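A.B. asks: Sharing start03.pdb, PDB, C-alpha atoms and all ligand atoms:
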```pdb
ATOM      1  CA  MET E 154      12.109 -10.243   0.084  1.00  0.00           C
ATOM      2  CA  GLU E 155      15.765  -9.630   0.975  1.00  0.00           C
ATOM      3  CA  GLU E 156      15.958  -6.429   3.009  1.00  0.00           C
ATOM      4  CA  ASN E 157      19.473  -5.529   1.916  1.00  0.00           C
ATOM      5  CA  ARG E 158      19.249  -6.108  -1.766  1.00  0.00           C
ATOM      6  CA  TYR E 159      19.960  -3.073  -3.930  1.00  0.00           C
ATOM      7  CA  LEU E 160      17.338  -2.049  -6.424  1.00  0.00           C
ATOM      8  CA  THR E 161      19.298  -1.229  -9.581  1.00  0.00           C
ATOM      9  CA  PHE E 162      18.176   1.373 -12.128  1.00  0.00           C
ATOM     10  CA  ALA E 163      19.496   1.687 -15.691  1.00  0.00           C
ATOM     11  CA  LEU E 164      18.922   5.149 -17.097  1.00  0.00           C
ATOM     12  CA  GLY E 165      19.242   6.064 -20.765  1.00  0.00           C
ATOM     13  CA  LYS E 166      22.029   8.676 -20.982  1.00  0.00           C
ATOM     14  CA  GLY E 167      21.122  12.279 -21.697  1.00  0.00           C
ATOM     15  CA  ARG E 168      17.953  14.259 -21.248  1.00  0.00           C
ATOM     16  CA  LEU E 169      15.797  11.289 -20.254  1.00  0.00           C
ATOM     17  CA  ALA E 170      18.125  10.460 -17.346  1.00  0.00           C
ATOM     18  CA  LYS E 171      18.096  14.059 -16.113  1.00  0.00           C
ATOM     19  CA  GLN E 172      14.312  14.224 -16.245  1.00  0.00           C
ATOM     20  CA  ALA E 173      13.999  10.832 -14.567  1.00  0.00           C
ATOM     21  CA  LEU E 174      16.296  11.899 -11.711  1.00  0.00           C
ATOM     22  CA  ALA E 175      14.322  15.141 -11.281  1.00  0.00           C
ATOM     23  CA  LEU E 176      11.130  13.086 -11.033  1.00  0.00           C
ATOM     24  CA  PHE E 177      12.695  10.665  -8.546  1.00  0.00           C
ATOM     25  CA  GLU E 178      13.796  13.606  -6.395  1.00  0.00           C
ATOM     26  CA  LYS E 179      10.191  14.732  -6.138  1.00  0.00           C
ATOM     27  CA  ILE E 180       9.258  11.417  -4.513  1.00  0.00           C
ATOM     28  CA  GLY E 181      12.260  11.559  -2.192  1.00  0.00           C
ATOM     29  CA  ILE E 182      14.701   9.375  -4.122  1.00  0.00           C
ATOM     30  CA  THR E 183      17.968  11.208  -4.557  1.00  0.00           C
ATOM     31  CA  CYS E 184      21.411  10.281  -5.750  1.00  0.00           C
ATOM     32  CA  GLU E 185      23.844  13.035  -4.781  1.00  0.00           C
ATOM     33  CA  GLU E 186      26.850  11.186  -6.242  1.00  0.00           C
ATOM     34  CA  MET E 187      25.355  11.461  -9.695  1.00  0.00           C
ATOM     35  CA  LYS E 188      25.224  15.253  -9.608  1.00  0.00           C
ATOM     36  CA  ASP E 189      29.017  15.573  -9.752  1.00  0.00           C
ATOM     37  CA  LYS E 190      29.549  16.421 -13.434  1.00  0.00           C
ATOM     38  CA  ASP E 191      33.287  15.630 -13.400  1.00  0.00           C
ATOM     39  CA  THR E 192      32.970  12.149 -12.021  1.00  0.00           C
ATOM     40  CA  ARG E 193      34.192   9.179 -14.087  1.00  0.00           C
ATOM     41  CA  LYS E 194      32.236   6.734 -11.984  1.00  0.00           C
ATOM     42  CA  LEU E 195      29.756   4.562 -13.812  1.00  0.00           C
ATOM     43  CA  ILE E 196      27.558   3.451 -10.960  1.00  0.00           C
ATOM     44  CA  PHE E 197      26.067   5.578  -8.211  1.00  0.00           C
ATOM     45  CA  VAL E 198      24.699   4.389  -4.915  1.00  0.00           C
ATOM     46  CA  ASN E 199      22.123   5.671  -2.458  1.00  0.00           C
ATOM     47  CA  GLU E 200      23.048   3.558   0.563  1.00  0.00           C
ATOM     48  CA  GLU E 201      20.128   4.647   2.668  1.00  0.00           C
ATOM     49  CA  ALA E 202      17.491   3.759   0.098  1.00  0.00           C
ATOM     50  CA  LYS E 203      19.462   0.673  -1.027  1.00  0.00           C
ATOM     51  CA  MET E 204      19.331   1.837  -4.620  1.00  0.00           C
ATOM     52  CA  ARG E 205      21.959   1.924  -7.362  1.00  0.00           C
ATOM     53  CA  PHE E 206      21.829   3.890 -10.590  1.00  0.00           C
ATOM     54  CA  PHE E 207      23.842   3.665 -13.780  1.00  0.00           C
ATOM     55  CA  LEU E 208      23.779   5.423 -17.109  1.00  0.00           C
ATOM     56  CA  SER E 209      23.973   3.524 -20.357  1.00  0.00           C
ATOM     57  CA  LYS E 210      23.289   4.104 -24.029  1.00  0.00           C
ATOM     58  CA  GLY E 211      19.515   4.113 -24.552  1.00  0.00           C
ATOM     59  CA  PRO E 212      19.358   0.917 -26.662  1.00  0.00           C
ATOM     60  CA  ASP E 213      21.308  -0.968 -23.963  1.00  0.00           C
ATOM     61  CA  VAL E 214      18.772  -0.195 -21.211  1.00  0.00           C
ATOM     62  CA  PRO E 215      16.273  -2.942 -22.237  1.00  0.00           C
ATOM     63  CA  THR E 216      19.203  -5.399 -22.462  1.00  0.00           C
ATOM     64  CA  TYR E 217      20.354  -4.687 -18.888  1.00  0.00           C
ATOM     65  CA  VAL E 218      16.764  -5.005 -17.686  1.00  0.00           C
ATOM     66  CA  GLU E 219      15.984  -8.225 -19.582  1.00  0.00           C
ATOM     67  CA  TYR E 220      19.053  -9.947 -18.136  1.00  0.00           C
ATOM     68  CA  GLY E 221      18.313  -8.641 -14.632  1.00  0.00           C
ATOM     69  CA  ALA E 222      21.543  -6.609 -14.399  1.00  0.00           C
ATOM     70  CA  ALA E 223      19.136  -3.761 -13.719  1.00  0.00           C
ATOM     71  CA  ASP E 224      15.769  -4.265 -12.039  1.00  0.00           C
ATOM     72  CA  ILE E 225      14.296  -1.116 -13.508  1.00  0.00           C
ATOM     73  CA  GLY E 226      15.022   0.903 -16.637  1.00  0.00           C
ATOM     74  CA  ILE E 227      14.071   4.338 -17.874  1.00  0.00           C
ATOM     75  CA  VAL E 228      14.030   4.511 -21.632  1.00  0.00           C
ATOM     76  CA  GLY E 229      12.126   5.873 -24.619  1.00  0.00           C
ATOM     77  CA  GLU E 230       9.211   3.927 -26.080  1.00  0.00           C
ATOM     78  CA  ASP E 231      11.044   3.991 -29.440  1.00  0.00           C
ATOM     79  CA  THR E 232      13.899   1.959 -27.947  1.00  0.00           C
ATOM     80  CA  ILE E 233      11.513  -0.476 -26.243  1.00  0.00           C
ATOM     81  CA  LEU E 234       9.713  -1.149 -29.534  1.00  0.00           C
ATOM     82  CA  GLU E 235      12.952  -1.483 -31.464  1.00  0.00           C
ATOM     83  CA  GLU E 236      14.752  -3.741 -28.989  1.00  0.00           C
ATOM     84  CA  ASN E 237      11.714  -5.994 -28.408  1.00  0.00           C
ATOM     85  CA  ARG E 238      13.089  -7.437 -25.157  1.00  0.00           C
ATOM     86  CA  ASN E 239      11.359  -9.578 -22.575  1.00  0.00           C
ATOM     87  CA  ILE E 240      10.627  -6.793 -20.084  1.00  0.00           C
ATOM     88  CA  PHE E 241       7.530  -5.327 -18.450  1.00  0.00           C
ATOM     89  CA  GLU E 242       6.584  -1.811 -19.435  1.00  0.00           C
ATOM     90  CA  VAL E 243       4.936  -0.449 -16.300  1.00  0.00           C
ATOM     91  CA  LEU E 244       4.626   3.323 -16.528  1.00  0.00           C
ATOM     92  CA  ASP E 245       4.391   6.187 -19.003  1.00  0.00           C
ATOM     93  CA  LEU E 246       6.541   8.891 -17.408  1.00  0.00           C
ATOM     94  CA  GLY E 247       5.022  11.643 -19.518  1.00  0.00           C
ATOM     95  CA  PHE E 248       8.272  13.344 -20.493  1.00  0.00           C
ATOM     96  CA  GLY E 249      10.358  12.881 -23.635  1.00  0.00           C
ATOM     97  CA  ARG E 250       7.229  13.228 -25.747  1.00  0.00           C
ATOM     98  CA  CYS E 251       7.804  13.031 -29.493  1.00  0.00           C
ATOM     99  CA  ARG E 252       6.523  11.133 -32.549  1.00  0.00           C
ATOM    100  CA  MET E 253       7.858   8.387 -34.780  1.00  0.00           C
ATOM    101  CA  CYS E 254       7.174   9.524 -38.339  1.00  0.00           C
ATOM    102  CA  VAL E 255       7.793   8.749 -41.958  1.00  0.00           C
ATOM    103  CA  CYS E 256       9.460  11.880 -43.322  1.00  0.00           C
ATOM    104  CA  GLY E 257      10.883  13.019 -46.610  1.00  0.00           C
ATOM    105  CA  PRO E 258      10.620  15.676 -49.281  1.00  0.00           C
ATOM    106  CA  ARG E 259       7.033  16.601 -50.235  1.00  0.00           C
ATOM    107  CA  GLU E 260       7.398  14.729 -53.565  1.00  0.00           C
ATOM    108  CA  ALA E 261       7.718  11.440 -51.676  1.00  0.00           C
ATOM    109  CA  GLN E 262       4.114  11.742 -50.482  1.00  0.00           C
ATOM    110  CA  GLU E 263       2.836  10.344 -53.771  1.00  0.00           C
ATOM    111  CA  LEU E 264       5.146   7.319 -53.538  1.00  0.00           C
ATOM    112  CA  LEU E 265       3.687   6.554 -50.117  1.00  0.00           C
ATOM    113  CA  GLN E 266       0.104   7.050 -51.230  1.00  0.00           C
ATOM    114  CA  LYS E 267       0.552   4.764 -54.239  1.00  0.00           C
ATOM    115  CA  ARG E 268       2.417   2.240 -52.074  1.00  0.00           C
ATOM    116  CA  GLU E 269       5.312   2.212 -54.525  1.00  0.00           C
ATOM    117  CA  TRP E 270       8.498   0.268 -53.855  1.00  0.00           C
ATOM    118  CA  ILE E 271      10.767   2.719 -52.052  1.00  0.00           C
ATOM    119  CA  ARG E 272      13.754   2.807 -49.745  1.00  0.00           C
ATOM    120  CA  ALA E 273      13.283   3.912 -46.149  1.00  0.00           C
ATOM    121  CA  ALA E 274      16.332   4.740 -44.005  1.00  0.00           C
ATOM    122  CA  SER E 275      16.059   4.485 -40.239  1.00  0.00           C
ATOM    123  CA  LYS E 276      17.818   3.975 -36.950  1.00  0.00           C
ATOM    124  CA  TYR E 277      14.742   1.875 -36.122  1.00  0.00           C
ATOM    125  CA  PRO E 278      14.550  -0.919 -38.748  1.00  0.00           C
ATOM    126  CA  ARG E 279      12.155  -3.062 -36.694  1.00  0.00           C
ATOM    127  CA  ILE E 280       9.680  -0.203 -36.194  1.00  0.00           C
ATOM    128  CA  ALA E 281      10.001   0.788 -39.864  1.00  0.00           C
ATOM    129  CA  ARG E 282       9.468  -2.792 -41.065  1.00  0.00           C
ATOM    130  CA  ASP E 283       6.480  -3.314 -38.792  1.00  0.00           C
ATOM    131  CA  TYR E 284       4.897  -0.088 -39.995  1.00  0.00           C
ATOM    132  CA  PHE E 285       5.351  -0.661 -43.716  1.00  0.00           C
ATOM    133  CA  TYR E 286       4.754  -4.425 -43.795  1.00  0.00           C
ATOM    134  CA  ASN E 287       2.150  -4.998 -41.100  1.00  0.00           C
ATOM    135  CA  LYS E 288       0.252  -1.711 -40.955  1.00  0.00           C
ATOM    136  CA  LYS E 289       0.584  -0.189 -44.445  1.00  0.00           C
ATOM    137  CA  HIS E 290       1.152  -3.354 -46.463  1.00  0.00           C
ATOM    138  CA  GLN E 291       3.742  -1.555 -48.570  1.00  0.00           C
ATOM    139  CA  THR E 292       6.884  -3.320 -49.764  1.00  0.00           C
ATOM    140  CA  VAL E 293       9.943  -1.220 -49.011  1.00  0.00           C
ATOM    141  CA  GLU E 294      13.667  -1.688 -48.585  1.00  0.00           C
ATOM    142  CA  ILE E 295      14.742  -0.730 -45.090  1.00  0.00           C
ATOM    143  CA  ILE E 296      18.244   0.715 -44.769  1.00  0.00           C
ATOM    144  CA  LYS E 297      19.687   0.820 -41.255  1.00  0.00           C
ATOM    145  CA  LEU E 298      21.569   4.000 -40.321  1.00  0.00           C
ATOM    146  CA  ASN E 299      23.015   5.074 -36.985  1.00  0.00           C
ATOM    147  CA  GLY E 300      22.296   8.796 -36.885  1.00  0.00           C
ATOM    148  CA  SER E 301      21.766  12.006 -38.868  1.00  0.00           C
ATOM    149  CA  ILE E 302      19.012  10.096 -40.652  1.00  0.00           C
ATOM    150  CA  GLU E 303      17.745  13.254 -42.377  1.00  0.00           C
ATOM    151  CA  LEU E 304      20.766  13.064 -44.673  1.00  0.00           C
ATOM    152  CA  ALA E 305      19.470   9.943 -46.432  1.00  0.00           C
ATOM    153  CA  PRO E 306      16.809  11.509 -48.702  1.00  0.00           C
ATOM    154  CA  ILE E 307      18.956  14.602 -49.245  1.00  0.00           C
ATOM    155  CA  VAL E 308      21.874  12.661 -50.683  1.00  0.00           C
ATOM    156  CA  GLY E 309      19.691  10.108 -52.494  1.00  0.00           C
ATOM    157  CA  LEU E 310      20.188   7.078 -50.278  1.00  0.00           C
ATOM    158  CA  SER E 311      16.453   6.668 -49.720  1.00  0.00           C
ATOM    159  CA  GLU E 312      13.148   8.259 -50.664  1.00  0.00           C
ATOM    160  CA  VAL E 313      11.941   8.534 -47.057  1.00  0.00           C
ATOM    161  CA  ILE E 314      13.139   8.101 -43.483  1.00  0.00           C
ATOM    162  CA  VAL E 315      11.456   6.707 -40.382  1.00  0.00           C
ATOM    163  CA  ASP E 316      12.632   8.815 -37.489  1.00  0.00           C
ATOM    164  CA  ILE E 317      11.785  10.685 -34.315  1.00  0.00           C
ATOM    165  CA  VAL E 318      10.302  14.144 -34.673  1.00  0.00           C
ATOM    166  CA  GLU E 319      10.254  16.313 -31.598  1.00  0.00           C
ATOM    167  CA  THR E 320      10.176  20.019 -32.485  1.00  0.00           C
ATOM    168  CA  GLY E 321      10.361  19.416 -36.242  1.00  0.00           C
ATOM    169  CA  SER E 322      13.259  21.845 -36.639  1.00  0.00           C
ATOM    170  CA  THR E 323      15.739  19.272 -38.027  1.00  0.00           C
ATOM    171  CA  LEU E 324      13.222  18.446 -40.768  1.00  0.00           C
ATOM    172  CA  ARG E 325      12.460  22.111 -41.528  1.00  0.00           C
ATOM    173  CA  GLU E 326      16.114  23.079 -41.723  1.00  0.00           C
ATOM    174  CA  ASN E 327      16.713  20.301 -44.226  1.00  0.00           C
ATOM    175  CA  GLY E 328      13.686  20.818 -46.455  1.00  0.00           C
ATOM    176  CA  LEU E 329      11.876  17.700 -45.268  1.00  0.00           C
ATOM    177  CA  GLU E 330       8.376  17.156 -43.888  1.00  0.00           C
ATOM    178  CA  VAL E 331       6.363  14.708 -41.845  1.00  0.00           C
ATOM    179  CA  LEU E 332       4.528  12.578 -44.403  1.00  0.00           C
ATOM    180  CA  GLU E 333       2.916   9.970 -42.136  1.00  0.00           C
ATOM    181  CA  GLU E 334       2.788   9.416 -38.381  1.00  0.00           C
ATOM    182  CA  VAL E 335       3.780   5.979 -37.111  1.00  0.00           C
ATOM    183  CA  CYS E 336       3.102   6.421 -33.376  1.00  0.00           C
ATOM    184  CA  PRO E 337       3.444   8.850 -30.461  1.00  0.00           C
ATOM    185  CA  LEU E 338       6.347   8.222 -28.071  1.00  0.00           C
ATOM    186  CA  SER E 339       7.391   9.085 -24.511  1.00  0.00           C
ATOM    187  CA  ALA E 340       9.722   7.900 -21.770  1.00  0.00           C
ATOM    188  CA  ARG E 341       8.725   4.686 -20.011  1.00  0.00           C
ATOM    189  CA  MET E 342       9.669   2.774 -16.915  1.00  0.00           C
ATOM    190  CA  VAL E 343      10.440  -0.883 -17.592  1.00  0.00           C
ATOM    191  CA  VAL E 344      10.957  -3.705 -15.111  1.00  0.00           C
ATOM    192  CA  ASN E 345      12.658  -7.098 -15.210  1.00  0.00           C
ATOM    193  CA  PRO E 346       9.916  -9.788 -14.913  1.00  0.00           C
ATOM    194  CA  VAL E 347      11.735 -11.696 -12.140  1.00  0.00           C
ATOM    195  CA  SER E 348      12.427  -8.488 -10.167  1.00  0.00           C
ATOM    196  CA  MET E 349       8.740  -7.661 -10.455  1.00  0.00           C
ATOM    197  CA  LYS E 350       8.007 -10.877  -8.525  1.00  0.00           C
ATOM    198  CA  MET E 351      10.941 -10.858  -6.101  1.00  0.00           C
ATOM    199  CA  GLU E 352      10.816  -7.152  -5.250  1.00  0.00           C
ATOM    200  CA  ASN E 353       7.116  -6.674  -5.808  1.00  0.00           C
ATOM    201  CA  GLU E 354       6.503  -4.597  -2.708  1.00  0.00           C
ATOM    202  CA  ARG E 355       9.278  -2.062  -3.342  1.00  0.00           C
ATOM    203  CA  ILE E 356       8.620  -1.783  -7.058  1.00  0.00           C
ATOM    204  CA  THR E 357       4.837  -1.490  -6.671  1.00  0.00           C
ATOM    205  CA  LYS E 358       5.321   1.223  -4.058  1.00  0.00           C
ATOM    206  CA  LEU E 359       7.692   3.079  -6.378  1.00  0.00           C
ATOM    207  CA  ILE E 360       5.202   2.897  -9.253  1.00  0.00           C
ATOM    208  CA  ARG E 361       2.408   4.154  -6.982  1.00  0.00           C
ATOM    209  CA  LEU E 362       4.469   7.126  -5.762  1.00  0.00           C
ATOM    210  CA  LEU E 363       5.502   8.012  -9.309  1.00  0.00           C
ATOM    211  CA  LYS E 364       1.900   7.785 -10.537  1.00  0.00           C
ATOM    212  CA  GLU E 365       0.745  10.064  -7.720  1.00  0.00           C
ATOM    213  CA  GLU E 366       3.473  12.572  -8.551  1.00  0.00           C
ATOM    214  CA  LEU E 367       2.718  12.460 -12.269  1.00  0.00           C
ATOM    215  CA  SER E 368      -0.981  13.018 -11.684  1.00  0.00           C
ATOM    216  CA  LYS E 369      -0.165  16.353 -10.001  1.00  0.00           C
ATOM    217  CA  SER E 370       1.198  17.874 -13.192  1.00  0.00           C
TER     218      SER E 370
HETATM  219  C1  LIG N 401      16.862  13.028 -33.214  1.00  0.00           C
HETATM  220  C2  LIG N 401      16.101  12.530 -34.430  1.00  0.00           C
HETATM  221  C3  LIG N 401      16.028  13.753 -35.292  1.00  0.00           C
HETATM  222  C4  LIG N 401      15.927  14.878 -34.276  1.00  0.00           C
HETATM  223  C5  LIG N 401      14.502  15.325 -34.135  1.00  0.00           C
HETATM  224  O1  LIG N 401      18.208  12.979 -33.506  1.00  0.00           O
HETATM  225  O2  LIG N 401      16.782  11.464 -35.044  1.00  0.00           O
HETATM  226  O3  LIG N 401      17.168  13.897 -36.085  1.00  0.00           O
HETATM  227  O4  LIG N 401      16.402  14.368 -33.011  1.00  0.00           O
HETATM  228  O5  LIG N 401      14.356  16.414 -33.261  1.00  0.00           O
HETATM  229  P1  LIG N 401      13.631  17.760 -33.703  1.00  0.00           P
HETATM  230  O6  LIG N 401      12.320  17.390 -34.322  1.00  0.00           O
HETATM  231  O7  LIG N 401      13.445  18.513 -32.409  1.00  0.00           O
HETATM  232  O8  LIG N 401      14.528  18.486 -34.666  1.00  0.00           O
HETATM  233  P2  LIG N 401      19.340  13.065 -32.396  1.00  0.00           P
HETATM  234  O9  LIG N 401      19.541  14.482 -31.989  1.00  0.00           O
HETATM  235  O10 LIG N 401      19.014  12.121 -31.295  1.00  0.00           O
HETATM  236  O11 LIG N 401      20.643  12.601 -33.167  1.00  0.00           O
HETATM  237  P3  LIG N 401      20.904  11.543 -34.324  1.00  0.00           P
HETATM  238  O12 LIG N 401      20.501  12.226 -35.604  1.00  0.00           O
HETATM  239  O13 LIG N 401      22.349  11.287 -34.268  1.00  0.00           O
HETATM  240  O14 LIG N 401      20.065  10.328 -34.056  1.00  0.00           O
END
```
Now, as a test, write the supplied structure out as structure tokens.
Ligand code: PRP
C.D. replies:
Amino acid sequence: MEENRYLTFALGKGRLAKQALALFEKIGITCEEMKDKDTRKLIFVNEEAKMRFFLSKGPDVPTYVEYGAADIGIVGEDTILEENRNIFEVLDLGFGRCRMCVCGPREAQELLQKREWIRAASKYPRIARDYFYNKKHQTVEIIKLNGSIELAPIVGLSEVIVDIVETGSTLRENGLEVLEEVCPLSARMVVNPVSMKMENERITKLIRLLKEELSKS
């Protein structure tokens, strides 16, 4: 193991990154540079711990980790399933809990029960396809969207959507409901397979400390 090599972390921008940094602080890993809200820097270094952190769009985290540009990533299980990268998923971090669901107006329930041919809009076409084709054995047309998925059944683009439900308020405010649950989700720590071998000691220690911390709550 090279003593001076930086361990690089890719964090999915937003709430997950904040919660991940709060968790790291509890086990003594801090990154003061990152707390400066006005900074335009993209990469933050903790020289003492020989660690580097950067923020990226969630779906890019598994890409950075697969290619080894980051040793470790923090990202939602939804993104891991959708991106299907060659990475090791090593730890459920417990936060960012939500559910992947098939949602729509109540009337769409019957179409699902009868396994009718329908359209399903989603930001997660791979997850949607896997659910309908491999688990439900229902033929559907998957329409890829990039956000505000709830619009699709309202404006008649699709009968249902496959999307994340956290509090359920977006659905409620738009007259939609959870019709079927695909899977529960939470934030995960992922590791590059080569880093896992080359930096085994440091990464294993990190996982152990995080597990100990998580078991306290
Ligand atoms: C996500 C998801 C839902 C919403 C669910 O969207 O796609 O729209 O959050 O949360 P809730 O159950 O607490 O209402 P996000 O805010 O990430 O934006 P997006 O619609 O642009 O994907």
A.B. asks: Provide the atom O11 of ligand LIG 401 (chain N) to atom CA of Glu185 of chain E distance in Å, to one decimal place.
C.D. replies: 28.6 Å
A.B. asks: Separation of atom CA of Glu312 of chain E and atom CA of Lys210 of chain E, in Å?
C.D. replies: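 Spanning atom CA of Glu312 of chain E to atom CA of Lys210 of chain E is a straight-line distance of 28.8 Å.
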A.B. asks: Quick one: everything within 7 Å of Ile280 of chain E, counting all atoms listed in the file, minus sequence neighbours fewer than 3 positions away in the same chain. Send it as a PDB file with C-alpha atoms, in the frame of the given file.
C.D. replies:
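The resulting file, result-v3.pdb, is reproduced below:
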```pdb
ATOM      1  CA  LEU E 234       9.713  -1.149 -29.534  1.00  0.00           C
ATOM      2  CA  GLU E 235      12.952  -1.483 -31.464  1.00  0.00           C
ATOM      3  CA  TYR E 277      14.742   1.875 -36.122  1.00  0.00           C
ATOM      4  CA  ASP E 283       6.480  -3.314 -38.792  1.00  0.00           C
ATOM      5  CA  TYR E 284       4.897  -0.088 -39.995  1.00  0.00           C
TER       6      TYR E 284
END
```
A.B. asks: Enumerate as an MDAnalysis selection string the residues within 7 Å of ligand LIG 401 (chain N), counting only C-alpha atoms and all ligand atoms.
C.D. replies: chainID E and resid 299:303 316:324
A.B. asks: Quick one: apply the PyMOL selection byres (((chain E and resi 248) around 10) and not hetatm) to the file and drop the selected residues here as a VMD selection string.
C.D. replies: chain E and resid 168 to 169 172 to 173 176 229 245 to 247 249 to 251 338 to 341 367
A.B. asks: Restricted to C-alpha atoms, what would the selected residues look like written as an mmCIF file, keeping the file's coordinate frame?
C.D. replies:
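Wrote out-v5.cif, looks like this:
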```cif
data_model
loop_
_atom_site.group_PDB
_atom_site.id
_atom_site.type_symbol
_atom_site.label_atom_id
_atom_site.label_comp_id
_atom_site.auth_asym_id
_atom_site.auth_seq_id
_atom_site.Cartn_x
_atom_site.Cartn_y
_atom_site.Cartn_z
ATOM 1 C CA ARG E 168 17.953 14.259 -21.248
ATOM 2 C CA LEU E 169 15.797 11.289 -20.254
ATOM 3 C CA GLN E 172 14.312 14.224 -16.245
ATOM 4 C CA ALA E 173 13.999 10.832 -14.567
ATOM 5 C CA LEU E 176 11.130 13.086 -11.033
ATOM 6 C CA GLY E 229 12.126 5.873 -24.619
ATOM 7 C CA ASP E 245 4.391 6.187 -19.003
ATOM 8 C CA LEU E 246 6.541 8.891 -17.408
ATOM 9 C CA GLY E 247 5.022 11.643 -19.518
ATOM 10 C CA GLY E 249 10.358 12.881 -23.635
ATOM 11 C CA ARG E 250 7.229 13.228 -25.747
ATOM 12 C CA CYS E 251 7.804 13.031 -29.493
ATOM 13 C CA LEU E 338 6.347 8.222 -28.071
ATOM 14 C CA SER E 339 7.391 9.085 -24.511
ATOM 15 C CA ALA E 340 9.722 7.900 -21.770
ATOM 16 C CA ARG E 341 8.725 4.686 -20.011
ATOM 17 C CA LEU E 367 2.718 12.460 -12.269
#
```
A.B. asks: Between atom CA of Gly167 of chain E and atom CA of Leu310 of chain E, what is the distance, to one decimal in Å?
C.D. replies: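 Computed distance, atom CA of Gly167 of chain E to atom CA of Leu310 of chain E, equals 29.1 Å.
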A.B. asks: Counting only C-alpha atoms, which residues sit no farther than 10 Å from the position (0.4, 5.8, -37.5) in the file's frame? I'd like them as a PDB file with C-alpha atoms, in the coordinates of the input.
C.D. replies:
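Once everything was written out, this is out.pdb:
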```
ATOM      1  CA  ARG E 252       6.523  11.133 -32.549  1.00  0.00           C
ATOM      2  CA  MET E 253       7.858   8.387 -34.780  1.00  0.00           C
ATOM      3  CA  CYS E 254       7.174   9.524 -38.339  1.00  0.00           C
ATOM      4  CA  VAL E 255       7.793   8.749 -41.958  1.00  0.00           C
ATOM      5  CA  TYR E 284       4.897  -0.088 -39.995  1.00  0.00           C
ATOM      6  CA  LYS E 288       0.252  -1.711 -40.955  1.00  0.00           C
ATOM      7  CA  LYS E 289       0.584  -0.189 -44.445  1.00  0.00           C
ATOM      8  CA  GLU E 333       2.916   9.970 -42.136  1.00  0.00           C
ATOM      9  CA  GLU E 334       2.788   9.416 -38.381  1.00  0.00           C
ATOM     10  CA  VAL E 335       3.780   5.979 -37.111  1.00  0.00           C
ATOM     11  CA  CYS E 336       3.102   6.421 -33.376  1.00  0.00           C
ATOM     12  CA  PRO E 337       3.444   8.850 -30.461  1.00  0.00           C
TER      13      PRO E 337
END
```
